[in-house]
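Student: Handing over run34.pdb, PDB, N, CA and C atoms, pLDDT in the B column.
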```pdb
ATOM      1  N   MET A1070     -15.197  43.342 -40.422  1.00 75.00           N
ATOM      2  CA  MET A1070     -15.214  43.008 -41.815  1.00 75.00           C
ATOM      3  C   MET A1070     -15.731  44.183 -42.659  1.00 75.00           C
ATOM      4  N   ALA A1071     -16.738  44.893 -42.167  1.00 78.00           N
ATOM      5  CA  ALA A1071     -17.280  46.025 -42.922  1.00 78.00           C
ATOM      6  C   ALA A1071     -16.208  47.092 -43.131  1.00 78.00           C
ATOM      7  N   ARG A1072     -15.410  47.361 -42.086  1.00 83.00           N
ATOM      8  CA  ARG A1072     -14.331  48.363 -42.229  1.00 83.00           C
ATOM      9  C   ARG A1072     -13.335  47.927 -43.293  1.00 83.00           C
ATOM     10  N   GLU A1073     -12.962  46.665 -43.302  1.00 85.00           N
ATOM     11  CA  GLU A1073     -12.001  46.168 -44.285  1.00 85.00           C
ATOM     12  C   GLU A1073     -12.550  46.306 -45.699  1.00 85.00           C
ATOM     13  N   ARG A1074     -13.815  45.965 -45.880  1.00 81.00           N
ATOM     14  CA  ARG A1074     -14.413  46.056 -47.218  1.00 81.00           C
ATOM     15  C   ARG A1074     -14.595  47.503 -47.653  1.00 81.00           C
ATOM     16  N   LEU A1075     -14.920  48.363 -46.728  1.00 85.00           N
ATOM     17  CA  LEU A1075     -15.039  49.777 -47.056  1.00 85.00           C
ATOM     18  C   LEU A1075     -13.681  50.335 -47.458  1.00 85.00           C
ATOM     19  N   ARG A1076     -12.650  49.988 -46.711  1.00 86.00           N
ATOM     20  CA  ARG A1076     -11.284  50.428 -47.037  1.00 86.00           C
ATOM     21  C   ARG A1076     -10.899  49.943 -48.442  1.00 86.00           C
ATOM     22  N   ALA A1077     -11.205  48.704 -48.760  1.00 89.00           N
ATOM     23  CA  ALA A1077     -10.886  48.166 -50.084  1.00 89.00           C
ATOM     24  C   ALA A1077     -11.685  48.883 -51.175  1.00 89.00           C
ATOM     25  N   ALA A1078     -12.964  49.178 -50.898  1.00 86.00           N
ATOM     26  CA  ALA A1078     -13.790  49.871 -51.887  1.00 86.00           C
ATOM     27  C   ALA A1078     -13.293  51.292 -52.141  1.00 86.00           C
ATOM     28  N   LEU A1079     -12.801  51.950 -51.107  1.00 88.00           N
ATOM     29  CA  LEU A1079     -12.272  53.312 -51.272  1.00 88.00           C
ATOM     30  C   LEU A1079     -10.966  53.311 -52.049  1.00 88.00           C
ATOM     31  N   ALA A1080     -10.244  52.207 -52.000  1.00 88.00           N
ATOM     32  CA  ALA A1080      -9.006  52.040 -52.778  1.00 88.00           C
ATOM     33  C   ALA A1080      -8.054  53.227 -52.623  1.00 88.00           C
ATOM     34  N   GLY A1081      -7.848  53.688 -51.381  1.00 86.00           N
ATOM     35  CA  GLY A1081      -6.888  54.755 -51.132  1.00 86.00           C
ATOM     36  C   GLY A1081      -7.430  56.160 -51.314  1.00 86.00           C
ATOM     37  N   ARG A1082      -8.687  56.313 -51.732  1.00 89.00           N
ATOM     38  CA  ARG A1082      -9.280  57.650 -51.890  1.00 89.00           C
ATOM     39  C   ARG A1082      -9.520  58.266 -50.525  1.00 89.00           C
ATOM     40  N   ALA A1083      -9.360  59.558 -50.432  1.00 91.00           N
ATOM     41  CA  ALA A1083      -9.584  60.260 -49.164  1.00 91.00           C
ATOM     42  C   ALA A1083     -11.079  60.293 -48.862  1.00 91.00           C
ATOM     43  N   ALA A1084     -11.426  59.951 -47.636  1.00 88.00           N
ATOM     44  CA  ALA A1084     -12.821  60.002 -47.206  1.00 88.00           C
ATOM     45  C   ALA A1084     -12.862  60.059 -45.687  1.00 88.00           C
ATOM     46  N   GLU A1085     -13.833  60.780 -45.157  1.00 89.00           N
ATOM     47  CA  GLU A1085     -14.042  60.773 -43.713  1.00 89.00           C
ATOM     48  C   GLU A1085     -14.933  59.580 -43.396  1.00 89.00           C
ATOM     49  N   VAL A1086     -14.452  58.688 -42.570  1.00 88.00           N
ATOM     50  CA  VAL A1086     -15.203  57.498 -42.187  1.00 88.00           C
ATOM     51  C   VAL A1086     -15.449  57.572 -40.684  1.00 88.00           C
ATOM     52  N   VAL A1087     -16.712  57.489 -40.306  1.00 89.00           N
ATOM     53  CA  VAL A1087     -17.101  57.548 -38.900  1.00 89.00           C
ATOM     54  C   VAL A1087     -17.817  56.254 -38.569  1.00 89.00           C
ATOM     55  N   GLN A1088     -17.360  55.593 -37.520  1.00 89.00           N
ATOM     56  CA  GLN A1088     -18.001  54.359 -37.081  1.00 89.00           C
ATOM     57  C   GLN A1088     -18.926  54.669 -35.919  1.00 89.00           C
ATOM     58  N   VAL A1089     -20.171  54.202 -36.011  1.00 89.00           N
ATOM     59  CA  VAL A1089     -21.166  54.444 -34.979  1.00 89.00           C
ATOM     60  C   VAL A1089     -21.760  53.097 -34.573  1.00 89.00           C
ATOM     61  N   GLU A1090     -21.824  52.847 -33.272  1.00 90.00           N
ATOM     62  CA  GLU A1090     -22.489  51.642 -32.786  1.00 90.00           C
ATOM     63  C   GLU A1090     -23.953  51.967 -32.527  1.00 90.00           C
ATOM     64  N   VAL A1091     -24.824  51.298 -33.251  1.00 90.00           N
ATOM     65  CA  VAL A1091     -26.268  51.486 -33.113  1.00 90.00           C
ATOM     66  C   VAL A1091     -26.779  50.362 -32.231  1.00 90.00           C
ATOM     67  N   ARG A1092     -27.399  50.730 -31.110  1.00 90.00           N
ATOM     68  CA  ARG A1092     -27.762  49.740 -30.091  1.00 90.00           C
ATOM     69  C   ARG A1092     -29.224  49.313 -30.097  1.00 90.00           C
ATOM     70  N   ASP A1093     -30.109  50.099 -30.719  1.00 91.00           N
ATOM     71  CA  ASP A1093     -31.527  49.713 -30.668  1.00 91.00           C
ATOM     72  C   ASP A1093     -32.267  50.264 -31.883  1.00 91.00           C
ATOM     73  N   GLU A1094     -33.543  49.873 -31.986  1.00 90.00           N
ATOM     74  CA  GLU A1094     -34.360  50.260 -33.136  1.00 90.00           C
ATOM     75  C   GLU A1094     -34.519  51.781 -33.245  1.00 90.00           C
ATOM     76  N   ALA A1095     -34.614  52.487 -32.104  1.00 94.00           N
ATOM     77  CA  ALA A1095     -34.767  53.951 -32.135  1.00 94.00           C
ATOM     78  C   ALA A1095     -33.537  54.593 -32.774  1.00 94.00           C
ATOM     79  N   GLU A1096     -32.352  54.135 -32.400  1.00 93.00           N
ATOM     80  CA  GLU A1096     -31.131  54.662 -33.015  1.00 93.00           C
ATOM     81  C   GLU A1096     -31.074  54.277 -34.487  1.00 93.00           C
ATOM     82  N   ALA A1097     -31.499  53.064 -34.816  1.00 90.00           N
ATOM     83  CA  ALA A1097     -31.519  52.638 -36.222  1.00 90.00           C
ATOM     84  C   ALA A1097     -32.407  53.576 -37.038  1.00 90.00           C
ATOM     85  N   ALA A1098     -33.559  53.937 -36.497  1.00 91.00           N
ATOM     86  CA  ALA A1098     -34.466  54.855 -37.194  1.00 91.00           C
ATOM     87  C   ALA A1098     -33.825  56.225 -37.361  1.00 91.00           C
ATOM     88  N   ARG A1099     -33.147  56.706 -36.324  1.00 92.00           N
ATOM     89  CA  ARG A1099     -32.495  58.024 -36.386  1.00 92.00           C
ATOM     90  C   ARG A1099     -31.427  58.067 -37.479  1.00 92.00           C
ATOM     91  N   TRP A1100     -30.697  56.974 -37.644  1.00 90.00           N
ATOM     92  CA  TRP A1100     -29.633  56.925 -38.646  1.00 90.00           C
ATOM     93  C   TRP A1100     -30.132  56.487 -40.020  1.00 90.00           C
ATOM     94  N   GLY A1101     -31.354  55.966 -40.111  1.00 87.00           N
ATOM     95  CA  GLY A1101     -31.859  55.461 -41.385  1.00 87.00           C
ATOM     96  C   GLY A1101     -31.286  54.086 -41.713  1.00 87.00           C
ATOM     97  N   MET A1102     -30.987  53.329 -40.682  1.00 88.00           N
ATOM     98  CA  MET A1102     -30.355  52.021 -40.832  1.00 88.00           C
ATOM     99  C   MET A1102     -31.425  50.935 -40.927  1.00 88.00           C
ATOM    100  N   THR A1103     -31.349  50.087 -41.941  1.00 87.00           N
ATOM    101  CA  THR A1103     -32.341  49.030 -42.128  1.00 87.00           C
ATOM    102  C   THR A1103     -31.739  47.642 -41.987  1.00 87.00           C
ATOM    103  N   GLY A1104     -30.608  47.525 -41.359  1.00 85.00           N
ATOM    104  CA  GLY A1104     -29.954  46.249 -41.117  1.00 85.00           C
ATOM    105  C   GLY A1104     -28.496  46.483 -40.804  1.00 85.00           C
ATOM    106  N   SER A1105     -27.868  45.466 -40.238  1.00 84.00           N
ATOM    107  CA  SER A1105     -26.487  45.584 -39.807  1.00 84.00           C
ATOM    108  C   SER A1105     -25.629  44.529 -40.485  1.00 84.00           C
ATOM    109  N   PRO A1106     -24.471  44.902 -41.009  1.00 82.00           N
ATOM    110  CA  PRO A1106     -23.874  46.234 -40.954  1.00 82.00           C
ATOM    111  C   PRO A1106     -24.494  47.158 -41.990  1.00 82.00           C
ATOM    112  N   ALA A1107     -24.452  48.430 -41.720  1.00 85.00           N
ATOM    113  CA  ALA A1107     -24.950  49.441 -42.649  1.00 85.00           C
ATOM    114  C   ALA A1107     -23.823  50.418 -42.951  1.00 85.00           C
ATOM    115  N   VAL A1108     -23.757  50.826 -44.182  1.00 84.00           N
ATOM    116  CA  VAL A1108     -22.791  51.844 -44.601  1.00 84.00           C
ATOM    117  C   VAL A1108     -23.592  52.969 -45.231  1.00 84.00           C
ATOM    118  N   LEU A1109     -23.496  54.154 -44.639  1.00 86.00           N
ATOM    119  CA  LEU A1109     -24.191  55.323 -45.170  1.00 86.00           C
ATOM    120  C   LEU A1109     -23.192  56.184 -45.915  1.00 86.00           C
ATOM    121  N   LEU A1110     -23.558  56.635 -47.083  1.00 85.00           N
ATOM    122  CA  LEU A1110     -22.720  57.539 -47.874  1.00 85.00           C
ATOM    123  C   LEU A1110     -23.407  58.897 -47.889  1.00 85.00           C
ATOM    124  N   ASP A1111     -22.778  59.872 -47.270  1.00 85.00           N
ATOM    125  CA  ASP A1111     -23.374  61.204 -47.113  1.00 85.00           C
ATOM    126  C   ASP A1111     -24.768  61.102 -46.492  1.00 85.00           C
ATOM    127  N   GLY A1112     -24.932  60.189 -45.535  1.00 84.00           N
ATOM    128  CA  GLY A1112     -26.185  60.043 -44.815  1.00 84.00           C
ATOM    129  C   GLY A1112     -27.213  59.155 -45.479  1.00 84.00           C
ATOM    130  N   ASP A1113     -26.943  58.667 -46.672  1.00 85.00           N
ATOM    131  CA  ASP A1113     -27.896  57.813 -47.381  1.00 85.00           C
ATOM    132  C   ASP A1113     -27.380  56.385 -47.446  1.00 85.00           C
ATOM    133  N   ASP A1114     -28.305  55.449 -47.420  1.00 83.00           N
ATOM    134  CA  ASP A1114     -27.981  54.037 -47.523  1.00 83.00           C
ATOM    135  C   ASP A1114     -28.214  53.585 -48.959  1.00 83.00           C
ATOM    136  N   PRO A1115     -27.155  53.452 -49.753  1.00 82.00           N
ATOM    137  CA  PRO A1115     -27.338  53.100 -51.162  1.00 82.00           C
ATOM    138  C   PRO A1115     -27.810  51.666 -51.367  1.00 82.00           C
ATOM    139  N   PHE A1116     -27.837  50.865 -50.311  1.00 79.00           N
ATOM    140  CA  PHE A1116     -28.222  49.467 -50.432  1.00 79.00           C
ATOM    141  C   PHE A1116     -29.575  49.169 -49.779  1.00 79.00           C
ATOM    142  N   ALA A1117     -30.270  50.181 -49.291  1.00 80.00           N
ATOM    143  CA  ALA A1117     -31.541  49.967 -48.595  1.00 80.00           C
ATOM    144  C   ALA A1117     -32.597  49.443 -49.562  1.00 80.00           C
ATOM    145  N   ARG A1118     -33.388  48.509 -49.072  1.00 80.00           N
ATOM    146  CA  ARG A1118     -34.533  48.031 -49.841  1.00 80.00           C
ATOM    147  C   ARG A1118     -35.664  49.031 -49.660  1.00 80.00           C
ATOM    148  N   PRO A1119     -36.335  49.422 -50.716  1.00 84.00           N
ATOM    149  CA  PRO A1119     -37.451  50.366 -50.579  1.00 84.00           C
ATOM    150  C   PRO A1119     -38.492  49.839 -49.596  1.00 84.00           C
ATOM    151  N   GLY A1120     -38.892  50.693 -48.669  1.00 88.00           N
ATOM    152  CA  GLY A1120     -39.910  50.345 -47.707  1.00 88.00           C
ATOM    153  C   GLY A1120     -39.431  49.539 -46.511  1.00 88.00           C
ATOM    154  N   ALA A1121     -38.132  49.241 -46.444  1.00 86.00           N
ATOM    155  CA  ALA A1121     -37.614  48.465 -45.312  1.00 86.00           C
ATOM    156  C   ALA A1121     -37.712  49.275 -44.031  1.00 86.00           C
ATOM    157  N   ALA A1122     -38.114  48.610 -42.973  1.00 88.00           N
ATOM    158  CA  ALA A1122     -38.255  49.268 -41.672  1.00 88.00           C
ATOM    159  C   ALA A1122     -36.895  49.410 -41.000  1.00 88.00           C
ATOM    160  N   PRO A1123     -36.710  50.440 -40.169  1.00 88.00           N
ATOM    161  CA  PRO A1123     -35.465  50.562 -39.409  1.00 88.00           C
ATOM    162  C   PRO A1123     -35.237  49.298 -38.580  1.00 88.00           C
ATOM    163  N   SER A1124     -33.973  48.867 -38.533  1.00 87.00           N
ATOM    164  CA  SER A1124     -33.691  47.606 -37.856  1.00 87.00           C
ATOM    165  C   SER A1124     -32.219  47.484 -37.511  1.00 87.00           C
ATOM    166  N   VAL A1125     -31.950  46.722 -36.456  1.00 87.00           N
ATOM    167  CA  VAL A1125     -30.569  46.366 -36.121  1.00 87.00           C
ATOM    168  C   VAL A1125     -30.320  44.890 -36.449  1.00 87.00           C
ATOM    169  N   SER A1126     -31.237  44.278 -37.187  1.00 84.00           N
ATOM    170  CA  SER A1126     -31.113  42.867 -37.548  1.00 84.00           C
ATOM    171  C   SER A1126     -29.981  42.659 -38.546  1.00 84.00           C
ATOM    172  N   CYS A1127     -29.591  41.403 -38.711  1.00 80.00           N
ATOM    173  CA  CYS A1127     -28.551  41.068 -39.690  1.00 80.00           C
ATOM    174  C   CYS A1127     -29.031  41.438 -41.083  1.00 80.00           C
ATOM    175  N   ARG A1128     -28.093  41.794 -41.925  1.00 76.00           N
ATOM    176  CA  ARG A1128     -28.424  42.264 -43.255  1.00 76.00           C
ATOM    177  C   ARG A1128     -27.621  41.491 -44.280  1.00 76.00           C
ATOM    178  N   ILE A1129     -28.265  41.147 -45.383  1.00 70.00           N
ATOM    179  CA  ILE A1129     -27.580  40.509 -46.498  1.00 70.00           C
ATOM    180  C   ILE A1129     -27.517  41.529 -47.618  1.00 70.00           C
ATOM    181  N   TYR A1130     -26.323  41.855 -48.042  1.00 67.00           N
ATOM    182  CA  TYR A1130     -26.172  42.763 -49.174  1.00 67.00           C
ATOM    183  C   TYR A1130     -26.408  41.976 -50.451  1.00 67.00           C
ATOM    184  N   ARG A1131     -27.165  42.557 -51.350  1.00 66.00           N
ATOM    185  CA  ARG A1131     -27.518  41.866 -52.584  1.00 66.00           C
ATOM    186  C   ARG A1131     -26.989  42.609 -53.795  1.00 66.00           C
ATOM    187  N   HIS A1132     -26.734  41.864 -54.810  1.00 62.00           N
ATOM    188  CA  HIS A1132     -26.276  42.336 -56.107  1.00 62.00           C
ATOM    189  C   HIS A1132     -27.302  41.802 -57.102  1.00 62.00           C
ATOM    190  N   PRO A1133     -27.421  42.359 -58.293  1.00 67.00           N
ATOM    191  CA  PRO A1133     -28.396  41.824 -59.248  1.00 67.00           C
ATOM    192  C   PRO A1133     -28.268  40.305 -59.455  1.00 67.00           C
ATOM    193  N   ASP A1134     -27.074  39.775 -59.244  1.00 64.00           N
ATOM    194  CA  ASP A1134     -26.859  38.336 -59.406  1.00 64.00           C
ATOM    195  C   ASP A1134     -27.157  37.560 -58.125  1.00 64.00           C
ATOM    196  N   GLY A1135     -27.563  38.229 -57.046  1.00 60.00           N
ATOM    197  CA  GLY A1135     -27.865  37.562 -55.781  1.00 60.00           C
ATOM    198  C   GLY A1135     -26.984  38.091 -54.666  1.00 60.00           C
ATOM    199  N   PRO A1136     -26.998  37.419 -53.494  1.00 55.00           N
ATOM    200  CA  PRO A1136     -26.172  37.865 -52.360  1.00 55.00           C
ATOM    201  C   PRO A1136     -24.694  37.832 -52.727  1.00 55.00           C
ATOM    202  N   TRP A1137     -23.923  38.713 -52.114  1.00 54.00           N
ATOM    203  CA  TRP A1137     -22.486  38.714 -52.385  1.00 54.00           C
ATOM    204  C   TRP A1137     -21.719  39.056 -51.131  1.00 54.00           C
ATOM    205  N   THR A1138     -20.462  38.702 -51.161  1.00 52.00           N
ATOM    206  CA  THR A1138     -19.605  38.966 -50.014  1.00 52.00           C
ATOM    207  C   THR A1138     -18.433  39.861 -50.378  1.00 52.00           C
ATOM    208  N   GLY A1139     -18.335  40.273 -51.626  1.00 51.00           N
ATOM    209  CA  GLY A1139     -17.229  41.125 -52.065  1.00 51.00           C
ATOM    210  C   GLY A1139     -17.512  42.593 -51.839  1.00 51.00           C
ATOM    211  N   HIS A1140     -16.655  43.450 -52.381  1.00 50.00           N
ATOM    212  CA  HIS A1140     -16.833  44.886 -52.191  1.00 50.00           C
ATOM    213  C   HIS A1140     -17.131  45.603 -53.499  1.00 50.00           C
ATOM    214  N   ARG A1141     -17.534  44.866 -54.537  1.00 50.00           N
ATOM    215  CA  ARG A1141     -17.740  45.499 -55.838  1.00 50.00           C
ATOM    216  C   ARG A1141     -18.823  46.576 -55.814  1.00 50.00           C
ATOM    217  N   ALA A1142     -19.957  46.362 -55.153  1.00 48.00           N
ATOM    218  CA  ALA A1142     -21.007  47.367 -55.134  1.00 48.00           C
ATOM    219  C   ALA A1142     -20.599  48.587 -54.324  1.00 48.00           C
ATOM    220  N   TRP A1143     -19.886  48.377 -53.202  1.00 50.00           N
ATOM    221  CA  TRP A1143     -19.418  49.511 -52.415  1.00 50.00           C
ATOM    222  C   TRP A1143     -18.472  50.350 -53.253  1.00 50.00           C
ATOM    223  N   ARG A1144     -17.611  49.733 -54.035  1.00 48.00           N
ATOM    224  CA  ARG A1144     -16.670  50.462 -54.870  1.00 48.00           C
ATOM    225  C   ARG A1144     -17.447  51.316 -55.874  1.00 48.00           C
ATOM    226  N   ASN A1145     -18.531  50.768 -56.454  1.00 46.00           N
ATOM    227  CA  ASN A1145     -19.321  51.500 -57.431  1.00 46.00           C
ATOM    228  C   ASN A1145     -19.982  52.730 -56.815  1.00 46.00           C
ATOM    229  N   CYS A1146     -20.291  52.706 -55.526  1.00 47.00           N
ATOM    230  CA  CYS A1146     -20.951  53.830 -54.867  1.00 47.00           C
ATOM    231  C   CYS A1146     -19.980  54.831 -54.247  1.00 47.00           C
ATOM    232  N   ALA A1147     -18.706  54.470 -54.181  1.00 41.00           N
ATOM    233  CA  ALA A1147     -17.741  55.286 -53.427  1.00 41.00           C
ATOM    234  C   ALA A1147     -17.354  56.571 -54.161  1.00 41.00           C
ATOM    235  N   GLY A1148     -17.693  56.704 -55.431  1.00 40.00           N
ATOM    236  CA  GLY A1148     -17.368  57.921 -56.175  1.00 40.00           C
ATOM    237  C   GLY A1148     -15.945  57.902 -56.702  1.00 40.00           C
ATOM    238  N   PRO A1149     -15.558  58.963 -57.424  1.00 39.00           N
ATOM    239  CA  PRO A1149     -14.223  58.993 -58.056  1.00 39.00           C
ATOM    240  C   PRO A1149     -13.100  59.128 -57.049  1.00 39.00           C
TER     241      PRO A1149
END
```
For the structure just supplied, provide its representation as structure tokens.
Tutor:
Amino acid sequence: MARERLRAALAGRAAEVVQVEVRDEAEAARWGMTGSPAVLLDGDDPFARPGAAPSVSCRIYRHPDGPWTGHRAWRNCAGP
């Protein structure tokens, strides 16, 4: 599902997308991942909560209006 939403957010724009399977907390810390699924843009997690610990736990993406399941925030971060 994350790949599909990322593809929709990119809307045909060229981008290098690399999928990495993170298996434990040590790998999560190395990647800067604070929940799964995680999408890093140029190595940064635009959706990370400040102070969140590295984790492979389930993650709820939030929007100012609350949790969401769409790709609107990813589209806003994807650049021109």
Student: With the file shown as input, list the residues that the PyMOL selection byres (((chain A and resi 1101 and name CA) around 10) and name CA) selects, as a VMD selection string.
Tutor: chain A and resid 1095 to 1100 1102 to 1104 1107 1109 1112 to 1114 1117 1121 to 1124
Student: Take the residues from that selection and write them out as a CSV table (one decimal), keeping the file's coordinate frame, keeping N, CA and C atoms.
Tutor:
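That gives us again.csv:
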```csv
chain,number,residue,atom,x,y,z
A,1095,ALA,N,-34.6,52.5,-32.1
A,1095,ALA,CA,-34.8,54.0,-32.1
A,1095,ALA,C,-33.5,54.6,-32.8
A,1096,GLU,N,-32.4,54.1,-32.4
A,1096,GLU,CA,-31.1,54.7,-33.0
A,1096,GLU,C,-31.1,54.3,-34.5
A,1097,ALA,N,-31.5,53.1,-34.8
A,1097,ALA,CA,-31.5,52.6,-36.2
A,1097,ALA,C,-32.4,53.6,-37.0
A,1098,ALA,N,-33.6,53.9,-36.5
A,1098,ALA,CA,-34.5,54.9,-37.2
A,1098,ALA,C,-33.8,56.2,-37.4
A,1099,ARG,N,-33.1,56.7,-36.3
A,1099,ARG,CA,-32.5,58.0,-36.4
A,1099,ARG,C,-31.4,58.1,-37.5
A,1100,TRP,N,-30.7,57.0,-37.6
A,1100,TRP,CA,-29.6,56.9,-38.6
A,1100,TRP,C,-30.1,56.5,-40.0
A,1102,MET,N,-31.0,53.3,-40.7
A,1102,MET,CA,-30.4,52.0,-40.8
A,1102,MET,C,-31.4,50.9,-40.9
A,1103,THR,N,-31.3,50.1,-41.9
A,1103,THR,CA,-32.3,49.0,-42.1
A,1103,THR,C,-31.7,47.6,-42.0
A,1104,GLY,N,-30.6,47.5,-41.4
A,1104,GLY,CA,-30.0,46.2,-41.1
A,1104,GLY,C,-28.5,46.5,-40.8
A,1107,ALA,N,-24.5,48.4,-41.7
A,1107,ALA,CA,-25.0,49.4,-42.6
A,1107,ALA,C,-23.8,50.4,-43.0
A,1109,LEU,N,-23.5,54.2,-44.6
A,1109,LEU,CA,-24.2,55.3,-45.2
A,1109,LEU,C,-23.2,56.2,-45.9
A,1112,GLY,N,-24.9,60.2,-45.5
A,1112,GLY,CA,-26.2,60.0,-44.8
A,1112,GLY,C,-27.2,59.2,-45.5
A,1113,ASP,N,-26.9,58.7,-46.7
A,1113,ASP,CA,-27.9,57.8,-47.4
A,1113,ASP,C,-27.4,56.4,-47.4
A,1114,ASP,N,-28.3,55.4,-47.4
A,1114,ASP,CA,-28.0,54.0,-47.5
A,1114,ASP,C,-28.2,53.6,-49.0
A,1117,ALA,N,-30.3,50.2,-49.3
A,1117,ALA,CA,-31.5,50.0,-48.6
A,1117,ALA,C,-32.6,49.4,-49.6
A,1121,ALA,N,-38.1,49.2,-46.4
A,1121,ALA,CA,-37.6,48.5,-45.3
A,1121,ALA,C,-37.7,49.3,-44.0
A,1122,ALA,N,-38.1,48.6,-43.0
A,1122,ALA,CA,-38.3,49.3,-41.7
A,1122,ALA,C,-36.9,49.4,-41.0
A,1123,PRO,N,-36.7,50.4,-40.2
A,1123,PRO,CA,-35.5,50.6,-39.4
A,1123,PRO,C,-35.2,49.3,-38.6
A,1124,SER,N,-34.0,48.9,-38.5
A,1124,SER,CA,-33.7,47.6,-37.9
A,1124,SER,C,-32.2,47.5,-37.5
```
Student: From the options A:Pro1106, A:Ala1078, A:Pro1115, A:Met1070, which residue's atoms come nearest to Ile1129 of chain A, counting all atoms listed in the file?
Tutor: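 Between A:Pro1106, A:Ala1078, A:Pro1115, A:Met1070, the residue approaching Ile1129 of chain A most closely is A:Pro1106.
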Student: Could you state the separation of atom C of Ala1071 of chain A and atom C of Glu1085 of chain A in Å, given to one decimal place?
Tutor: 12.6 Å
Student: Using only the atoms of segment 1102-1115 of chain A listed in the file, plus 5 Å on each side, state the axis-aligned box centre and edge lengths in Å rounded to one decimal, as AutoDock Vina command-line options.
Tutor:
```
--center_x -27.5 --center_y 52.9 --center_z -45.6 --size_x 19.6 --size_y 26.7 --size_z 21.6
```
